[in-house]
Structure formats: C-alpha cells, structure tokens
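Beneath this line is the structure, given in structure tokens, with notes to follow.
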Amino acid sequence: MSTTRRVTIALIAERAGVSAPTVSKVINGRPEVAPATRQRVERLLREHGYRRRGGQGDGPAGLVDLVFTEIESPWAMELVRGVEAAAREVGAGVVISVLHDRTGPGRDWVERIAARRTDGAILVGSRISADRHDRLAARSIPFVVVDPDGEPPPGVASVGATNWHGGLAATRHLLELGHRRIGMIGGPPGMLCSRARVDGYRAALETAGVPVDPALIGYGDFLVGSGRDGGHDLLSLADPPTAIFAGSDMQAFGVLEAARRRGMAVPGDLSVVGFDDLPLARSAWPPLTTVCQPLQEMAALATRMVLDPSANGREPRRVELSTELVVRESTAPRTGR
C-alpha cells in the first residue's frame with residue numbers, strides 16, 4: 001500500500017539538490033539565491049503544490065496586499081474601503097501598493113511581499129500572465145484579481161461585475177426615453193470590463209433595430225479627462241448624439257463638463273448615464289443616472305477569498321456580482337431632433 005509523502009521544505013530541497021535554508025530563502029523572497037537555483041526551486045514548489053501556510057489556517061490572518069495599477073479616482077477608494085472592512089473582520093492589516101503597470105506584478109514585487117509573508121494579494125485591474133501566476137503560486141501566495149485586464153489564465157480567481165448587463169441596461173434606458181443617437185465612451189479597449197460594457201451597449205442598439213454607428217463610440221481611461229475629451233468629440237459631430245453612456249462615473253462627470261462648456265443643459269439638451277454609482281454620483285448636478293456595481297462588496301469578497309484557508313486545493317472561483325441601473329436626474333425623454 002502506497003502512502004503520500006507530505007510536501008515539506010526538506011522534500012523540495014532534496015528534489016532540487018539544494019539545502020533546506022536555500023528553499024526557505026526562495027519561499028520568503030530573500031535575494032541571495034542564484035537565478036537558476038531560484039527557478040528550479042520555484043518549479044518544484046509549484047509542481048508539488050507546496051503550501052507555506054499549511055497548519056496556520058486556524059490562527060488570525062495578519063496581512064493583505066492590495067495592489068492597484070492606478071489610484072487616482074474615488075473608484076479606487078471604494079475598493080480600499082471594501083478590503084479594509086473585510087480584513088478588519090479577521091484582524092488583518094492592509095498594505096496598498098500602486099504599480100502603474102497593467103501587466104501585473106513583476107518579480108521584485110513578488111519577492112517583497114514574499115519577504116513580509118503576506119497572507120494574500122488582491123490585484124486590481126491587472127493582466128496576469130502564466131509566468132506571473134507561477135511566481136505567486138510557487139510561494140503559495142493566494143491572490144484574486146478584481147476587474148482583470150484581459151482574460152486571466154486558468155487557475156486564477158477573479159471578482160468582477162455583470163458589466164455586459166450593465167451596459168445593456170444603461171443603453172436600453174436611453175432607448176426607452178426615445179434616444180436614437182446614443183454616444184458611448186468606453187474605458188481602455190483591452191480591459192474585459194470595458195469591452196463588456198461596450199458590447200452591452202451594442203447589443204441593446206441591435207436588439208432595438210438601431211444601427212451601431214462607429215463614429216459614436218470612443219475610448220478613454222475611465223477618468224474625468226477622457227470623458228471631457230470624448231464628450232467634446234461626440235458633441236462636435238455634424239449629427240451629434242442626444243445621449244451619452246459613459247463607461248464610468250468619472251468619465252460621465254467629464255461629459256457633464258463638456259456639455260456645460262458648450263452651453264448645453266443636462267438633461268434638457270443631452271442625457272448622460274455613468275457606470276459605478278460612486279458617492280459623488282448622488283451629489284453631482286444634476287444627480288447622475290448610473291449603473292451601480294457593488295465595488296465595496298466586490299473588494300470584500302476578494303479579500304475573504306484570499307484569506308480563506310479552506311480554499312487551498314479548491315478550484316479558483318470566478319465571480320460576477322450583479323449590477324443595477326439607478327435612475328436619477330441626468331436623463332430625460334428626447335426632445336427636438
């Protein structure tokens with residue numbers, strides 16, 4: 001009868017032909033290991049499914065890493081609130097990093113968080129390659145991607161929202177108000193959430209028998225400036241839209257600014273819909289009609305997923321939370337043309 005040998009540092013050291021302290025240095029992100037040796041040890045850690053945190057799951061979590069590609073908007077602050085609330089439930093602290101790189105965490109970052117023995121990482125808006133996945137997996141660092149930039153590789157857990165349905169609901173609302181020339185300002189075209197919102201917009205138009213005009217679709221970076229610039233471009237067309245669906249609330253605020261600069265009234269001359277339902281949407285003038293995505297709930301769920309010790313060995317989950325249209329005063333029936 002065969003028995004399964006428990007995966008230990010000693011076993012990995014034996015298979016790699018190195019000392020146990022060398023394996024420990026790799027696991028904990030210490031720099032004094034030759035690159036070829038590090039790669040060999042990482043490969044064996046990954047192949048054998050080594051779990052550094054095994055046996056520690058009954059104790060309280062200590063640290064969560066929250067990693068952004070940018071943190072310049074209130075959208076990011078909503079995610080911070082959600083992570084902090086969920087971490088506080090188990091007495092964990094939160095470390096916030098900004099990488100300014102959508103390609104995901106590099107080796108230096110992985111080494112740093114391994115060295116401080118984080119309990120898990122939440123990566124916001126990152127593109128996770130198979131190589132970066134392997135670096136984290138080799139050190140048994142649980143991680144979840146929130147709103148991934150691109151399709152995550154197999155084995156990567158993610159949390160998002162029903163972006164396609166949100167885009168569909170926003171555009172249907174404008175169609176029901178009689179609008180037919182509806183502009184769309186999306187986020188970065190490579191981001192899954194942005195593409196899904198634009199696809200929902202297209203689907204609503206096509207279902208209603210309204211031709212999709214490529215001239216009415218623009219893209220930006222989800223921030224105010226791109227909404228303002230995209231709004232100016234759309235409103236400068238020979239046949240401008242009577243309504244604009246912006247891919248984020250921040251972009252919608254930029255559209256409101258573009259309309260004001262042209263002396264246009266919202267919603268009298270132009271209806272505007274956003275996406276996110278940030279706290280600022282309620283206090284904007286006029287209060288913004290928008291698609292609510294539960295940002296704090298998304299962040300809290302991602303935090304609980306990385307801190308759940310029972311998740312080891314389970315298939316990583318890919319979760320989408322529901323979106324909902326919130327109608328306020330920035331949309332109205334089409335008038336005039």
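Naming scheme: A, B, ... for chains in displayed order of the structure tokens; residues 1 onward per chain; ligands 1 onward as shown.
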Practice prompt. Compile the contact shell of Asp229 (chain A) as a list in words: residues with an atom at most 12 Å away, counting only C-alpha atoms, same-chain residues fewer than 3 positions apart removed.
Written response: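 Neighbouring residues, sequence-local ones excluded: Ile185, Gly218, Tyr219, Gly220, Asp221, Phe222, Leu223, Val224, Gly225, Ser226, His232, Asp233, Leu234, Leu235, Ser236, Ala246, Gln251, Ala252, Phe253, Gly254, Val255, Leu256, Glu257, Ala258, Ala259 and Arg261 of chain A.
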Worksheet item: So which residues of region 113-286 of chain A fall under alpha helix (DSSP H) by DSSP, listed as a ChimeraX atom specification?
Response: /A:113-115,130-138,163-176,192-207,224-235,249-261,279-283
Discussion item. For a quick check of understanding, using only C-alpha atoms, which of A:Ala115, A:Gly209, A:Val156, A:Gly150 has the smallest distance to Arg172 (chain A)?
Written reply: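 Smallest distance to Arg172 (chain A) is found for A:Gly209.
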Worksheet item: Neighbours of Pro279 (chain A) within 10 Å (only C-alpha atoms; same-chain residues fewer than 3 positions away dropped), as a ChimeraX atom specification?
Response: /A:74-75,78,249,276,282-284
Worksheet item: From the list A:Arg43, A:Arg132, A:Arg81, A:His173, which residue is nearest Val94 (chain A) when using only C-alpha atoms?
Response: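 Going through A:Arg43, A:Arg132, A:Arg81, A:His173 one by one, the smallest distance to Val94 (chain A) is for A:Arg81.
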Practice prompt. Can you pull out every residue within 7 Å of Leu79 (chain A), counting only C-alpha atoms, but drop anything in the same chain fewer than 6 positions away, and send it as a ChimeraX atom specification?
Written response: /A:295-296,299
For the selection just defined, write its residues with all heavy atoms to a file, as a JSON list (two decimals), in the first residue's frame.
```
[["chain", "number", "residue", "atom", "x", "y", "z"],
["A", 295, "LEU", "N", -18.92, 47.94, -5.68],
["A", 295, "LEU", "CA", -17.47, 47.95, -5.57],
["A", 295, "LEU", "C", -16.98, 47.47, -4.20],
["A", 295, "LEU", "O", -16.04, 46.66, -4.12],
["A", 295, "LEU", "CB", -16.94, 49.36, -5.85],
["A", 295, "LEU", "CG", -17.14, 49.86, -7.28],
["A", 295, "LEU", "CD1", -16.80, 51.35, -7.38],
["A", 295, "LEU", "CD2", -16.29, 49.06, -8.25],
["A", 296, "GLN", "N", -17.59, 47.98, -3.13],
["A", 296, "GLN", "CA", -17.14, 47.55, -1.80],
["A", 296, "GLN", "C", -17.39, 46.07, -1.60],
["A", 296, "GLN", "O", -16.55, 45.37, -1.02],
["A", 296, "GLN", "CB", -17.83, 48.38, -0.72],
["A", 296, "GLN", "CG", -17.39, 49.84, -0.69],
["A", 296, "GLN", "CD", -17.87, 50.57, 0.55],
["A", 296, "GLN", "OE1", -17.99, 49.99, 1.62],
["A", 296, "GLN", "NE2", -18.14, 51.86, 0.42],
["A", 299, "ALA", "N", -14.73, 44.06, -3.49],
["A", 299, "ALA", "CA", -13.44, 44.07, -2.81],
["A", 299, "ALA", "C", -13.47, 43.21, -1.56],
["A", 299, "ALA", "O", -12.51, 42.48, -1.25],
["A", 299, "ALA", "CB", -13.05, 45.51, -2.45]]
```
